[in-house]
Amino acid sequence: MEPATIMLMVMQVRRLSEVAAEPTSGGIFTGEVNMKRVFGRETGATSLNVSLVSFPAGVRNTWHTHAHDQCLWILSGRGRVASREREHHAEPGMAFFIPAGESHWHGSVGEDFTHISIIGGTAPTRPDGPDPFKSQPASVS
């Protein structure tokens with residue numbers, strides 16, 4: 001029998017300017033975004049996922065859900081955050097709470113848009129339905 005390994009986590013400090021931006025597309029995104037994975041599985045976090053996501057003008061994500069609560073903190077640009085019940089304008093200084101399991105989308109609608117995404121877990125994002133691109137609203141202007 002092998003001895004158990006105990007992983008001890010300690011405080012981590014990261015400068016956003018030093019976190020690599022990863023071009024990300026496909027999945028829930030309608031185009032390419034730049035994502036800085038600040039804290040998550042990659043850094044040893046087991047119950048938190050923090051990313052800085054920058055959407056170019058007109059790019060957003062499709063309807064999706066998370067297994068854990070999500071907070072979006074808007075840093076720059078103008079965009080939208082929508083649930084099945086309501087669509088909200090999003091601008092710097094605003095924060096949105098999205099409960100676990102709520103179907104939603106967010107992103108740019110006409111200019112570059114950046115937010116911090118904070119999710120209370122590291123479970124993968126789940127697109128809604130077999131083809132989430134077909135479930136998008138026809139127009140978001």
# chains A, B, ... in the order shown; residues from 1 in each chain; ligands from 1
>>> residues_around(residues="A:Arg86", least_positions_apart="4", cutoff="10 Å", atoms="only C-alpha atoms", output="list of chain:residue names")
A:Val81, A:Ala82, A:His104
>>> select_by_dssp(residues="chain A", states="helix (DSSP H, G or I)", output="VMD selection string")
chain A and resid 16 to 18 41 to 43 132 to 135
>>> atom_distance(atom1="atom CA of A:Pro92", atom2="atom CA of A:Gly77")
6.7 Å
>>> residues_around(residues="stretch 13-20 of chain A", least_positions_apart="4", cutoff="10 Å", atoms="only C-alpha atoms", output="list of chain:residue names")
A:Asn34, A:Met35, A:Lys36, A:Arg37, A:Val38, A:Phe39, A:Ser51, A:Leu52
>>> write_last_selection(atoms="N, CA and C atoms", output="JSON list (two decimals), in the first residue's frame")
[["chain", "number", "residue", "atom", "x", "y", "z"],
["A", 34, "ASN", "N", -10.41, 36.17, -25.89],
["A", 34, "ASN", "CA", -9.13, 36.00, -25.19],
["A", 34, "ASN", "C", -9.46, 35.74, -23.73],
["A", 35, "MET", "N", -8.91, 34.65, -23.20],
["A", 35, "MET", "CA", -9.21, 34.27, -21.83],
["A", 35, "MET", "C", -7.92, 34.17, -21.03],
["A", 36, "LYS", "N", -7.92, 34.84, -19.87],
["A", 36, "LYS", "CA", -6.82, 34.71, -18.92],
["A", 36, "LYS", "C", -7.36, 33.88, -17.76],
["A", 37, "ARG", "N", -6.84, 32.67, -17.61],
["A", 37, "ARG", "CA", -7.27, 31.78, -16.54],
["A", 37, "ARG", "C", -6.45, 32.12, -15.29],
["A", 38, "VAL", "N", -7.05, 32.91, -14.41],
["A", 38, "VAL", "CA", -6.32, 33.43, -13.26],
["A", 38, "VAL", "C", -6.16, 32.36, -12.18],
["A", 39, "PHE", "N", -7.27, 31.76, -11.76],
["A", 39, "PHE", "CA", -7.24, 30.68, -10.78],
["A", 39, "PHE", "C", -8.24, 29.62, -11.20],
["A", 51, "SER", "N", -11.58, 33.81, -14.18],
["A", 51, "SER", "CA", -11.02, 34.10, -15.50],
["A", 51, "SER", "C", -11.34, 35.52, -15.90],
["A", 52, "LEU", "N", -10.44, 36.13, -16.64],
["A", 52, "LEU", "CA", -10.66, 37.42, -17.27],
["A", 52, "LEU", "C", -10.96, 37.11, -18.73]]
>>> closest_residue(among="A:Gly120, A:Pro56, A:Gly40, A:Gly26", to="A:Gly107", atoms="only C-alpha atoms")
A:Pro56
>>> residues_around(residues="A:Met94", least_positions_apart="3", cutoff="12 Å", atoms="only C-alpha atoms", output="number ranges by chain")
A: 71-81, 88-91, 97, 114-116
>>> select_by_dssp(residues="chain A", states="strand (DSSP E or B)", output="PyMOL selection string")
chain A and resi 22-24+29+33-39+49-55+60-61+64-65+70-83+87-90+95-98+104-119+126-127
>>> closest_residue(among="A:Ser25, A:Thr30, A:Gln12, A:Ser117", to="A:Arg60", atoms="only C-alpha atoms")
A:Thr30
>>> atom_distance(atom1="atom CA of A:Arg84", atom2="atom CA of A:Pro23")
28.0 Å
>>> closest_residue(among="A:Gly31, A:Pro127, A:Gly121, A:Gly93", to="A:Ser54", atoms="only C-alpha atoms")
A:Gly31
>>> closest_residue(among="A:Met9, A:Ala21, A:Val59, A:Ala100", to="A:Arg126", atoms="only C-alpha atoms")
A:Ala100
>>> atom_distance(atom1="atom CA of A:Asn61", atom2="atom CA of A:Ser108")
9.0 Å
